[in-house]
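> So here's entry_1.cif, just mmCIF, C-alpha atoms:
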data_protein
loop_
_atom_site.group_PDB
_atom_site.id
_atom_site.type_symbol
_atom_site.label_atom_id
_atom_site.label_comp_id
_atom_site.auth_asym_id
_atom_site.auth_seq_id
_atom_site.Cartn_x
_atom_site.Cartn_y
_atom_site.Cartn_z
ATOM 1 C CA MET B 22 0.000 0.000 0.000
ATOM 2 C CA HIS B 23 1.180 2.870 0.702
ATOM 3 C CA ALA B 24 4.049 1.441 2.184
ATOM 4 C CA ARG B 25 2.888 -1.378 4.289
ATOM 5 C CA ALA B 26 3.105 -5.152 4.300
ATOM 6 C CA GLY B 27 2.089 -8.214 6.253
ATOM 7 C CA ILE B 28 3.359 -9.152 9.691
ATOM 8 C CA ILE B 29 3.012 -12.849 8.948
ATOM 9 C CA ALA B 30 2.128 -12.786 5.253
ATOM 10 C CA THR B 31 3.693 -15.348 2.951
ATOM 11 C CA SER B 32 3.662 -15.838 -0.775
ATOM 12 C CA ILE B 33 1.500 -18.933 -0.339
ATOM 13 C CA LEU B 34 -1.123 -17.011 1.612
ATOM 14 C CA GLY B 35 -1.047 -14.260 -0.981
ATOM 15 C CA LEU B 36 -1.598 -16.654 -3.854
ATOM 16 C CA LEU B 37 -4.382 -18.454 -2.008
ATOM 17 C CA ALA B 38 -6.096 -15.133 -1.458
ATOM 18 C CA ILE B 39 -5.859 -14.329 -5.156
ATOM 19 C CA GLY B 40 -7.416 -17.660 -6.055
ATOM 20 C CA ALA B 41 -10.183 -17.125 -3.534
ATOM 21 C CA LEU B 42 -11.331 -14.018 -5.383
ATOM 22 C CA ALA B 43 -12.567 -16.156 -8.240
ATOM 23 C CA GLY B 44 -13.226 -19.393 -6.364
ATOM 24 C CA CYS B 45 -15.954 -18.150 -4.021
ATOM 25 C CA SER B 46 -19.460 -17.291 -5.123
ATOM 26 C CA GLY B 47 -21.268 -13.993 -4.718
ATOM 27 C CA ASP B 48 -23.649 -15.681 -2.286
ATOM 28 C CA ALA B 49 -21.071 -15.381 0.487
ATOM 29 C CA ASN B 50 -20.941 -11.643 -0.035
ATOM 30 C CA ALA B 51 -24.698 -11.362 0.051
ATOM 31 C CA ALA B 52 -24.911 -13.443 3.221
ATOM 32 C CA GLY B 53 -22.272 -11.296 4.883
ATOM 33 C CA SER B 54 -24.147 -8.156 3.892
ATOM 34 C CA GLU B 55 -27.386 -9.364 5.421
ATOM 35 C CA SER B 56 -25.768 -10.279 8.730
ATOM 36 C CA LYS B 57 -24.216 -6.868 9.336
ATOM 37 C CA SER B 58 -25.578 -4.644 12.060
ATOM 38 C CA SER B 59 -26.728 -1.214 10.896
ATOM 39 C CA THR B 60 -24.844 0.343 13.802
ATOM 40 C CA GLU B 61 -21.486 -1.395 13.353
ATOM 41 C CA LEU B 62 -18.755 -1.496 10.729
ATOM 42 C CA VAL B 63 -15.706 -3.723 10.386
ATOM 43 C CA PHE B 64 -12.730 -1.810 9.011
ATOM 44 C CA ALA B 65 -9.659 -3.576 7.627
ATOM 45 C CA THR B 66 -6.142 -2.297 7.106
ATOM 46 C CA PRO B 67 -3.391 -4.148 5.255
ATOM 47 C CA PRO B 68 -1.166 -5.957 7.726
ATOM 48 C CA GLY B 69 1.775 -3.823 8.761
ATOM 49 C CA THR B 70 4.943 -3.931 10.775
ATOM 50 C CA ASP B 71 4.843 -4.763 14.463
ATOM 51 C CA ASP B 72 5.935 -1.218 15.313
ATOM 52 C CA PRO B 73 3.618 0.050 18.101
ATOM 53 C CA ASP B 74 3.636 3.526 16.563
ATOM 54 C CA GLU B 75 2.307 2.203 13.268
ATOM 55 C CA GLN B 76 -0.308 0.096 15.009
ATOM 56 C CA ALA B 77 -1.447 3.226 16.850
ATOM 57 C CA ILE B 78 -1.871 5.009 13.521
ATOM 58 C CA MET B 79 -4.059 2.178 12.264
ATOM 59 C CA GLY B 80 -6.160 2.576 15.399
ATOM 60 C CA GLU B 81 -6.514 6.296 14.739
ATOM 61 C CA LEU B 82 -7.662 5.583 11.196
ATOM 62 C CA ALA B 83 -10.280 3.120 12.447
ATOM 63 C CA THR B 84 -11.518 5.806 14.838
ATOM 64 C CA MET B 85 -11.858 8.198 11.889
ATOM 65 C CA VAL B 86 -13.982 5.672 10.006
ATOM 66 C CA GLY B 87 -16.244 5.485 13.047
ATOM 67 C CA GLU B 88 -16.412 9.262 13.375
ATOM 68 C CA ALA B 89 -17.195 9.738 9.691
ATOM 69 C CA SER B 90 -19.841 7.013 9.546
ATOM 70 C CA GLY B 91 -21.346 7.621 12.971
ATOM 71 C CA ARG B 92 -21.073 3.930 13.760
ATOM 72 C CA THR B 93 -19.138 1.646 16.061
ATOM 73 C CA VAL B 94 -16.044 0.335 14.283
ATOM 74 C CA SER B 95 -13.870 -2.684 14.920
ATOM 75 C CA ASN B 96 -10.449 -2.928 13.272
ATOM 76 C CA LEU B 97 -9.284 -6.076 11.484
ATOM 77 C CA GLN B 98 -5.843 -6.853 10.029
ATOM 78 C CA PRO B 99 -5.889 -9.880 7.710
ATOM 79 C CA ALA B 100 -2.677 -11.818 7.260
ATOM 80 C CA ASP B 101 -1.749 -10.348 3.881
ATOM 81 C CA TYR B 102 -2.705 -7.705 1.327
ATOM 82 C CA LEU B 103 -4.962 -9.893 -0.749
ATOM 83 C CA GLY B 104 -6.528 -11.299 2.413
ATOM 84 C CA VAL B 105 -7.968 -7.811 2.909
ATOM 85 C CA VAL B 106 -9.518 -7.987 -0.561
ATOM 86 C CA GLU B 107 -11.045 -11.379 0.136
ATOM 87 C CA ALA B 108 -12.428 -10.218 3.493
ATOM 88 C CA VAL B 109 -14.256 -7.348 1.781
ATOM 89 C CA ARG B 110 -15.401 -9.608 -1.040
ATOM 90 C CA ASN B 111 -16.920 -12.209 1.273
ATOM 91 C CA GLY B 112 -18.684 -9.605 3.391
ATOM 92 C CA SER B 113 -16.746 -10.055 6.628
ATOM 93 C CA VAL B 114 -15.299 -6.538 6.231
ATOM 94 C CA ASP B 115 -17.360 -3.439 5.419
ATOM 95 C CA VAL B 116 -14.661 -0.856 4.733
ATOM 96 C CA ALA B 117 -10.966 -1.183 3.945
ATOM 97 C CA ILE B 118 -7.975 0.840 2.931
ATOM 98 C CA LEU B 119 -6.155 -0.864 0.062
ATOM 99 C CA SER B 120 -2.788 -0.514 -1.570
ATOM 100 C CA GLN B 121 -2.899 0.531 -5.189
ATOM 101 C CA PHE B 122 -2.466 -2.845 -6.871
ATOM 102 C CA SER B 123 -4.735 -4.581 -4.393
ATOM 103 C CA ALA B 124 -7.421 -2.008 -5.184
ATOM 104 C CA ALA B 125 -6.940 -2.404 -8.942
ATOM 105 C CA LEU B 126 -7.150 -6.189 -8.696
ATOM 106 C CA ALA B 127 -10.189 -6.060 -6.424
ATOM 107 C CA TYR B 128 -11.961 -3.622 -8.739
ATOM 108 C CA LYS B 129 -11.175 -5.634 -11.875
ATOM 109 C CA THR B 130 -12.447 -8.839 -10.286
ATOM 110 C CA GLU B 131 -15.579 -7.024 -9.060
ATOM 111 C CA SER B 132 -14.762 -7.878 -5.452
ATOM 112 C CA VAL B 133 -15.246 -4.403 -3.944
ATOM 113 C CA ASP B 134 -16.739 -0.992 -4.626
ATOM 114 C CA PRO B 135 -14.039 1.722 -4.626
ATOM 115 C CA LEU B 136 -15.297 4.716 -2.681
ATOM 116 C CA LEU B 137 -12.329 7.108 -2.612
ATOM 117 C CA VAL B 138 -8.972 7.184 -4.380
ATOM 118 C CA TRP B 139 -6.294 9.793 -3.771
ATOM 119 C CA PRO B 140 -4.066 11.359 -6.445
ATOM 120 C CA ALA B 141 -0.679 9.874 -7.231
ATOM 121 C CA SER B 142 2.375 10.975 -5.277
ATOM 122 C CA THR B 143 5.362 12.514 -7.037
ATOM 123 C CA GLU B 144 7.843 10.724 -4.758
ATOM 124 C CA PRO B 145 9.542 7.403 -5.566
ATOM 125 C CA ALA B 146 7.387 4.522 -4.371
ATOM 126 C CA SER B 147 10.155 2.130 -3.378
ATOM 127 C CA PHE B 148 13.816 1.887 -2.471
ATOM 128 C CA CYS B 149 15.983 -1.139 -3.206
ATOM 129 C CA LEU B 150 18.723 -1.531 -0.602
ATOM 130 C CA ALA B 151 22.030 -3.374 -0.425
ATOM 131 C CA LYS B 152 24.972 -3.445 1.933
ATOM 132 C CA LYS B 153 27.639 -0.884 1.090
ATOM 133 C CA ASP B 154 30.361 -3.517 1.094
ATOM 134 C CA SER B 155 28.447 -5.827 -1.270
ATOM 135 C CA GLY B 156 29.602 -4.211 -4.487
ATOM 136 C CA ILE B 157 25.968 -3.716 -5.528
ATOM 137 C CA GLN B 158 25.624 -0.083 -6.548
ATOM 138 C CA SER B 159 22.789 -0.008 -9.075
ATOM 139 C CA ALA B 160 19.839 -2.013 -10.348
ATOM 140 C CA ALA B 161 22.083 -3.548 -13.019
ATOM 141 C CA ASP B 162 24.272 -5.043 -10.284
ATOM 142 C CA VAL B 163 21.334 -7.114 -8.995
ATOM 143 C CA ARG B 164 21.978 -9.653 -11.754
ATOM 144 C CA GLY B 165 22.752 -13.020 -10.167
ATOM 145 C CA LYS B 166 21.686 -11.858 -6.700
ATOM 146 C CA GLN B 167 18.964 -12.806 -4.196
ATOM 147 C CA VAL B 168 16.234 -10.183 -3.724
ATOM 148 C CA ALA B 169 13.694 -9.940 -0.910
ATOM 149 C CA PHE B 170 10.305 -8.597 -1.949
ATOM 150 C CA ILE B 171 7.432 -8.218 0.531
ATOM 151 C CA ASP B 172 4.166 -9.800 -0.537
ATOM 152 C CA PRO B 173 2.473 -10.679 -3.855
ATOM 153 C CA GLY B 174 -0.126 -7.954 -3.249
ATOM 154 C CA SER B 175 2.276 -5.230 -2.117
ATOM 155 C CA THR B 176 2.559 -2.175 -4.339
ATOM 156 C CA THR B 177 5.717 -0.693 -2.838
ATOM 157 C CA GLY B 178 7.207 -4.030 -1.832
ATOM 158 C CA TYR B 179 6.640 -5.975 -5.036
ATOM 159 C CA PHE B 180 5.031 -4.422 -8.117
ATOM 160 C CA MET B 181 6.936 -1.119 -8.207
ATOM 161 C CA PRO B 182 10.429 -2.459 -7.357
ATOM 162 C CA LYS B 183 9.970 -5.435 -9.665
ATOM 163 C CA SER B 184 9.040 -2.995 -12.422
ATOM 164 C CA LEU B 185 12.185 -1.024 -11.590
ATOM 165 C CA LEU B 186 14.345 -4.130 -12.061
ATOM 166 C CA ALA B 187 12.492 -5.012 -15.261
ATOM 167 C CA LYS B 188 13.328 -1.584 -16.681
ATOM 168 C CA ALA B 189 16.979 -2.397 -15.934
ATOM 169 C CA GLY B 190 16.581 -5.479 -18.126
ATOM 170 C CA LEU B 191 16.364 -7.994 -15.286
ATOM 171 C CA ILE B 192 13.844 -10.832 -15.269
ATOM 172 C CA ASP B 193 12.848 -12.449 -11.983
ATOM 173 C CA GLY B 194 13.864 -16.114 -11.906
ATOM 174 C CA THR B 195 16.236 -15.695 -14.832
ATOM 175 C CA ASP B 196 18.532 -12.797 -13.963
ATOM 176 C CA TYR B 197 17.998 -12.859 -10.211
ATOM 177 C CA LYS B 198 16.239 -14.946 -7.578
ATOM 178 C CA SER B 199 13.541 -13.557 -5.325
ATOM 179 C CA THR B 200 11.670 -14.436 -2.183
ATOM 180 C CA PHE B 201 8.736 -12.949 -0.267
ATOM 181 C CA ALA B 202 9.765 -11.874 3.216
ATOM 182 C CA GLY B 203 6.191 -11.279 4.372
ATOM 183 C CA SER B 204 6.715 -7.787 5.766
ATOM 184 C CA HIS B 205 8.832 -4.735 5.105
ATOM 185 C CA ASP B 206 10.761 -5.053 8.341
ATOM 186 C CA SER B 207 11.399 -8.762 7.716
ATOM 187 C CA ALA B 208 12.828 -7.989 4.287
ATOM 188 C CA VAL B 209 15.136 -5.316 5.636
ATOM 189 C CA LEU B 210 16.234 -7.565 8.510
ATOM 190 C CA ALA B 211 17.002 -10.334 6.018
ATOM 191 C CA LEU B 212 19.324 -7.916 4.259
ATOM 192 C CA ALA B 213 20.926 -6.737 7.502
ATOM 193 C CA ASN B 214 21.507 -10.357 8.567
ATOM 194 C CA GLY B 215 23.043 -11.321 5.237
ATOM 195 C CA ASN B 216 20.255 -13.689 4.184
ATOM 196 C CA VAL B 217 19.589 -11.791 0.947
ATOM 197 C CA ASP B 218 21.666 -9.456 -1.198
ATOM 198 C CA VAL B 219 18.977 -6.862 -1.853
ATOM 199 C CA ALA B 220 15.778 -5.818 -0.064
ATOM 200 C CA CYS B 221 13.113 -3.671 -1.705
ATOM 201 C CA THR B 222 10.868 -1.673 0.591
ATOM 202 C CA ALA B 223 8.663 1.397 0.735
ATOM 203 C CA ARG B 224 10.340 4.782 0.547
ATOM 204 C CA GLN B 225 8.277 6.078 3.474
ATOM 205 C CA LEU B 226 9.506 3.308 5.756
ATOM 206 C CA TYR B 227 13.222 3.730 5.128
ATOM 207 C CA PRO B 228 13.706 6.627 7.612
ATOM 208 C CA THR B 229 11.760 4.681 10.240
ATOM 209 C CA PHE B 230 13.976 1.616 9.823
ATOM 210 C CA VAL B 231 17.052 3.803 10.314
ATOM 211 C CA GLN B 232 15.548 5.631 13.293
ATOM 212 C CA LYS B 233 14.457 2.386 14.960
ATOM 213 C CA GLY B 234 17.871 0.793 14.416
ATOM 214 C CA VAL B 235 16.592 -1.961 12.130
ATOM 215 C CA ILE B 236 19.361 -0.972 9.718
ATOM 216 C CA LYS B 237 22.420 1.240 10.071
ATOM 217 C CA GLU B 238 22.536 3.999 7.500
ATOM 218 C CA ASP B 239 26.321 3.893 7.283
ATOM 219 C CA GLU B 240 26.140 0.205 6.300
ATOM 220 C CA ILE B 241 23.295 0.333 3.773
ATOM 221 C CA SER B 242 23.064 1.948 0.333
ATOM 222 C CA ILE B 243 19.958 2.899 -1.621
ATOM 223 C CA ILE B 244 20.936 1.318 -4.925
ATOM 224 C CA ALA B 245 17.781 2.224 -6.866
ATOM 225 C CA LYS B 246 14.555 4.177 -6.562
ATOM 226 C CA SER B 247 11.357 3.216 -8.345
ATOM 227 C CA ALA B 248 9.014 5.501 -10.218
ATOM 228 C CA PRO B 249 6.131 7.065 -8.279
ATOM 229 C CA ILE B 250 2.966 5.004 -8.001
ATOM 230 C CA PRO B 251 0.612 6.289 -10.725
ATOM 231 C CA VAL B 252 -2.431 6.142 -8.410
ATOM 232 C CA GLY B 253 -2.895 6.938 -4.735
ATOM 233 C CA ILE B 254 -4.330 4.888 -1.896
ATOM 234 C CA SER B 255 -7.979 3.741 -1.981
ATOM 235 C CA ILE B 256 -10.845 3.374 0.458
ATOM 236 C CA VAL B 257 -13.168 0.589 -0.666
ATOM 237 C CA VAL B 258 -16.382 -0.895 0.688
ATOM 238 C CA ARG B 259 -18.142 -4.209 0.337
ATOM 239 C CA LYS B 260 -20.848 -4.539 -2.235
ATOM 240 C CA GLY B 261 -24.177 -4.161 -0.483
ATOM 241 C CA LEU B 262 -23.031 -1.617 2.099
ATOM 242 C CA ASP B 263 -25.907 0.775 2.722
ATOM 243 C CA ASP B 264 -25.984 4.166 1.018
ATOM 244 C CA GLU B 265 -26.091 6.059 4.315
ATOM 245 C CA ALA B 266 -22.689 4.709 5.346
ATOM 246 C CA ARG B 267 -21.229 5.207 1.872
ATOM 247 C CA GLU B 268 -22.289 8.835 1.612
ATOM 248 C CA ALA B 269 -21.148 9.660 5.149
ATOM 249 C CA LEU B 270 -17.721 8.179 4.503
ATOM 250 C CA LYS B 271 -17.319 10.050 1.217
ATOM 251 C CA ALA B 272 -18.392 13.318 2.818
ATOM 252 C CA LYS B 273 -16.385 13.231 6.039
ATOM 253 C CA LEU B 274 -13.497 10.735 5.889
ATOM 254 C CA PRO B 275 -11.202 12.603 3.439
ATOM 255 C CA GLU B 276 -10.922 15.683 5.638
ATOM 256 C CA LEU B 277 -10.323 13.595 8.758
ATOM 257 C CA MET B 278 -7.525 11.640 7.077
ATOM 258 C CA THR B 279 -5.881 14.606 5.383
ATOM 259 C CA SER B 280 -5.884 16.731 8.543
ATOM 260 C CA ASN B 281 -4.115 14.013 10.546
ATOM 261 C CA GLU B 282 -0.396 14.385 9.850
ATOM 262 C CA LYS B 283 0.505 10.842 10.899
ATOM 263 C CA VAL B 284 -2.180 9.204 8.801
ATOM 264 C CA SER B 285 -1.581 11.354 5.735
ATOM 265 C CA LYS B 286 2.177 10.759 5.897
ATOM 266 C CA THR B 287 1.848 7.018 6.455
ATOM 267 C CA PHE B 288 -0.435 6.562 3.451
ATOM 268 C CA GLY B 289 1.086 9.224 1.215
ATOM 269 C CA ILE B 290 -2.141 11.206 1.045
ATOM 270 C CA THR B 291 -2.027 14.444 -0.925
ATOM 271 C CA GLY B 292 -4.747 16.511 -2.547
ATOM 272 C CA GLU B 293 -8.436 15.707 -2.780
ATOM 273 C CA PRO B 294 -9.635 12.166 -3.508
ATOM 274 C CA ALA B 295 -11.841 11.197 -6.418
ATOM 275 C CA LYS B 296 -15.172 9.751 -5.310
ATOM 276 C CA ASP B 297 -16.688 6.583 -6.802
ATOM 277 C CA PRO B 298 -13.788 6.237 -9.270
ATOM 278 C CA GLU B 299 -14.136 4.396 -12.565
ATOM 279 C CA PHE B 300 -11.743 1.557 -13.373
ATOM 280 C CA SER B 301 -9.980 3.850 -15.855
ATOM 281 C CA THR B 302 -8.491 5.608 -12.813
ATOM 282 C CA TYR B 303 -6.466 2.461 -12.133
ATOM 283 C CA ALA B 304 -5.482 1.877 -15.779
ATOM 284 C CA PRO B 305 -1.885 3.150 -15.308
ATOM 285 C CA LEU B 306 -1.355 0.337 -12.811
ATOM 286 C CA VAL B 307 -2.214 -2.186 -15.492
ATOM 287 C CA ASP B 308 0.681 -0.822 -17.555
ATOM 288 C CA VAL B 309 3.056 -1.329 -14.632
ATOM 289 C CA ALA B 310 1.759 -4.870 -14.103
ATOM 290 C CA GLU B 311 2.222 -5.687 -17.771
ATOM 291 C CA SER B 312 5.795 -4.400 -17.626
ATOM 292 C CA ILE B 313 6.634 -7.244 -15.246
ATOM 293 C CA GLY B 314 4.602 -9.825 -17.113
ATOM 294 C CA VAL B 315 1.511 -9.793 -14.882
ATOM 295 C CA ASP B 316 -2.048 -9.510 -16.173
ATOM 296 C CA LEU B 317 -4.370 -8.479 -13.349
ATOM 297 C CA GLN B 318 -7.174 -10.507 -14.907
ATOM 298 C CA ASP B 319 -5.000 -13.617 -15.112
ATOM 299 C CA ILE B 320 -4.152 -13.634 -11.405
ATOM 300 C CA ARG B 321 -7.760 -14.003 -10.329
#
Would you kindly transcribe this structure into structure tokens?

Amino acid sequence: MHARAGIIATSILGLLAIGALAGCSGDANAAGSESKSSTELVFATPPGTDDPDEQAIMGELATMVGEASGRTVSNLQPADYLGVVEAVRNGSVDVAILSQFSAALAYKTESVDPLLVWPASTEPASFCLAKKDSGIQSAADVRGKQVAFIDPGSTTGYFMPKSLLAKAGLIDGTDYKSTFAGSHDSAVLALANGNVDVACTARQLYPTFVQKGVIKEDEISIIAKSAPIPVGISIVVRKGLDDEAREALKAKLPELMTSNEKVSKTFGITGEPAKDPEFSTYAPLVDVAESIGVDLQDIR
């Protein structure tokens, strides 16, 4: 998403979640819709690091959803990015904040209704890191190396850095080997411990990793920076959510999120969001996916 990844997510869980998008019937979504209380909402955030500060921010965001909707809100963190999509699709989650590729996939597979989407950031989405004494100084030097990505549904931890390496002429599985670490901090720790040669993570998280001592800045180099994400973060809702909740969220949630410095910084929120976006809004993400050989429709 912005810049977040799963605490315990694995590539297997991510792929299972993708398959579940097509494998389950719409009846589950309808059943979930009918069982919801009109005074309660379940809000899901993509799984993040175990940093207490970040968890507090997720709690603040859940509070904002409650304030905007006027309803009691419980916060859920599925095990991986695409687990959030499946939870909305099957009706167990009412509202969620999704990373860009997760939102595009969910929209294309008709799993959610996008409510709000923020404009793209102008900052690099991802950093790829290596140890300074490794001899790896650029994306081209990743050839023959082991790379830690985050999660199959992660925008900043998979799609954008993989696109960066593809633009350098490197094909995953041919020119380098990759693994999914499951979370941004796990990927960076794998690099620090010498288990991988390169770790790709979200730009926004890099200063936090240095500040928290996860990595030492004098030992780590930023060897490459990805392009900005062409679309911002999305708020989505389950199909069947009542109009009263939808309209209240659209009217009040953007201002609450934008005015909170921690939330807006964490999710890279700038400008005013588009409401009820069409799929064409996410079209630039399809181009990025195709650049790394992924068709969003194929991974249903």
> Could you jot down the CA of Pro228 (chain B) to CA of Ile250 (chain B) separation for me, Å, one decimal place?
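Taking CA of Pro228 (chain B) as the start and CA of Ile250 (chain B) as the end point, the length is 19.0 Å.
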> Take CA of Met181 (chain B) and CA of Ser204 (chain B) and report the distance between them in Å, one decimal.
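We find that CA of Met181 (chain B) and CA of Ser204 (chain B) lie 15.5 Å from each other.
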> Got a sec to resolve the PyMOL selection byres ((chain B and resi 78-90) around 9) on this structure and send the residues as a count of residues only?
33
> Could you work out how far CA of Tyr197 (chain B) lies from CA of Lys166 (chain B), giving the answer in Å with one decimal?
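About the pair CA of Lys166 (chain B) and CA of Tyr197 (chain B): they are 5.2 Å apart.
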> Could you list the residues chosen by the PyMOL selection byres ((chain B and resi 243) around 7) in this structure as a ChimeraX atom specification?
/B:148-151,241-242,244-245
> Specify as number ranges by chain each residue included when the PyMOL selection byres ((chain B and resi 160) around 12) is applied to this file.
B: 148-151, 156-159, 161-166, 168, 182-192, 196-197, 218-221, 242-247
> Regenerate region 120-142 of chain B at the level of N, CA and C atoms and dump it as an mmCIF file, in the coordinates of the input.

data_model
loop_
_atom_site.group_PDB
_atom_site.id
_atom_site.type_symbol
_atom_site.label_atom_id
_atom_site.label_comp_id
_atom_site.auth_asym_id
_atom_site.auth_seq_id
_atom_site.Cartn_x
_atom_site.Cartn_y
_atom_site.Cartn_z
ATOM 1 N N SER B 120 -3.907 -0.958 -0.760
ATOM 2 C CA SER B 120 -2.788 -0.514 -1.570
ATOM 3 C C SER B 120 -3.245 -0.453 -3.020
ATOM 4 N N GLN B 121 -2.456 0.210 -3.845
ATOM 5 C CA GLN B 121 -2.899 0.531 -5.189
ATOM 6 C C GLN B 121 -3.166 -0.705 -6.042
ATOM 7 N N PHE B 122 -2.248 -1.664 -6.042
ATOM 8 C CA PHE B 122 -2.466 -2.845 -6.871
ATOM 9 C C PHE B 122 -3.552 -3.742 -6.304
ATOM 10 N N SER B 123 -3.654 -3.809 -4.993
ATOM 11 C CA SER B 123 -4.735 -4.581 -4.393
ATOM 12 C C SER B 123 -6.088 -3.999 -4.794
ATOM 13 N N ALA B 124 -6.171 -2.661 -4.803
ATOM 14 C CA ALA B 124 -7.421 -2.008 -5.184
ATOM 15 C C ALA B 124 -7.738 -2.259 -6.657
ATOM 16 N N ALA B 125 -6.720 -2.174 -7.517
ATOM 17 C CA ALA B 125 -6.940 -2.404 -8.942
ATOM 18 C C ALA B 125 -7.400 -3.832 -9.197
ATOM 19 N N LEU B 126 -6.762 -4.787 -8.538
ATOM 20 C CA LEU B 126 -7.150 -6.189 -8.696
ATOM 21 C C LEU B 126 -8.568 -6.421 -8.188
ATOM 22 N N ALA B 127 -8.864 -5.871 -7.021
ATOM 23 C CA ALA B 127 -10.189 -6.060 -6.424
ATOM 24 C C ALA B 127 -11.276 -5.450 -7.290
ATOM 25 N N TYR B 128 -10.994 -4.290 -7.873
ATOM 26 C CA TYR B 128 -11.961 -3.622 -8.739
ATOM 27 C C TYR B 128 -12.172 -4.452 -10.006
ATOM 28 N N LYS B 129 -11.073 -4.903 -10.609
ATOM 29 C CA LYS B 129 -11.175 -5.634 -11.875
ATOM 30 C C LYS B 129 -11.907 -6.959 -11.705
ATOM 31 N N THR B 130 -11.766 -7.567 -10.544
ATOM 32 C CA THR B 130 -12.447 -8.839 -10.286
ATOM 33 C C THR B 130 -13.819 -8.630 -9.637
ATOM 34 N N GLU B 131 -14.260 -7.374 -9.585
ATOM 35 C CA GLU B 131 -15.579 -7.024 -9.060
ATOM 36 C C GLU B 131 -15.778 -7.522 -7.634
ATOM 37 N N SER B 132 -14.720 -7.404 -6.831
ATOM 38 C CA SER B 132 -14.762 -7.878 -5.452
ATOM 39 C C SER B 132 -15.152 -6.789 -4.459
ATOM 40 N N VAL B 133 -14.971 -5.524 -4.843
ATOM 41 C CA VAL B 133 -15.246 -4.403 -3.944
ATOM 42 C C VAL B 133 -15.844 -3.258 -4.744
ATOM 43 N N ASP B 134 -16.341 -2.259 -4.023
ATOM 44 C CA ASP B 134 -16.739 -0.992 -4.626
ATOM 45 C C ASP B 134 -15.761 0.086 -4.146
ATOM 46 N N PRO B 135 -14.925 0.623 -5.030
ATOM 47 C CA PRO B 135 -14.039 1.722 -4.626
ATOM 48 C C PRO B 135 -14.867 2.959 -4.279
ATOM 49 N N LEU B 136 -14.551 3.558 -3.149
ATOM 50 C CA LEU B 136 -15.297 4.716 -2.681
ATOM 51 C C LEU B 136 -14.499 5.998 -2.896
ATOM 52 N N LEU B 137 -13.212 5.947 -2.524
ATOM 53 C CA LEU B 137 -12.329 7.108 -2.612
ATOM 54 C C LEU B 137 -10.963 6.655 -3.124
ATOM 55 N N VAL B 138 -10.342 7.461 -3.977
ATOM 56 C CA VAL B 138 -8.972 7.184 -4.380
ATOM 57 C C VAL B 138 -8.235 8.517 -4.459
ATOM 58 N N TRP B 139 -7.067 8.559 -3.822
ATOM 59 C CA TRP B 139 -6.294 9.793 -3.771
ATOM 60 C C TRP B 139 -5.380 9.923 -4.990
ATOM 61 N N PRO B 140 -4.970 11.153 -5.310
ATOM 62 C CA PRO B 140 -4.066 11.359 -6.445
ATOM 63 C C PRO B 140 -2.707 10.690 -6.210
ATOM 64 N N ALA B 141 -2.003 10.486 -7.307
ATOM 65 C CA ALA B 141 -0.679 9.874 -7.231
ATOM 66 C C ALA B 141 0.306 10.807 -6.528
ATOM 67 N N SER B 142 1.280 10.222 -5.870
ATOM 68 C CA SER B 142 2.375 10.975 -5.277
ATOM 69 C C SER B 142 3.440 11.232 -6.334
#
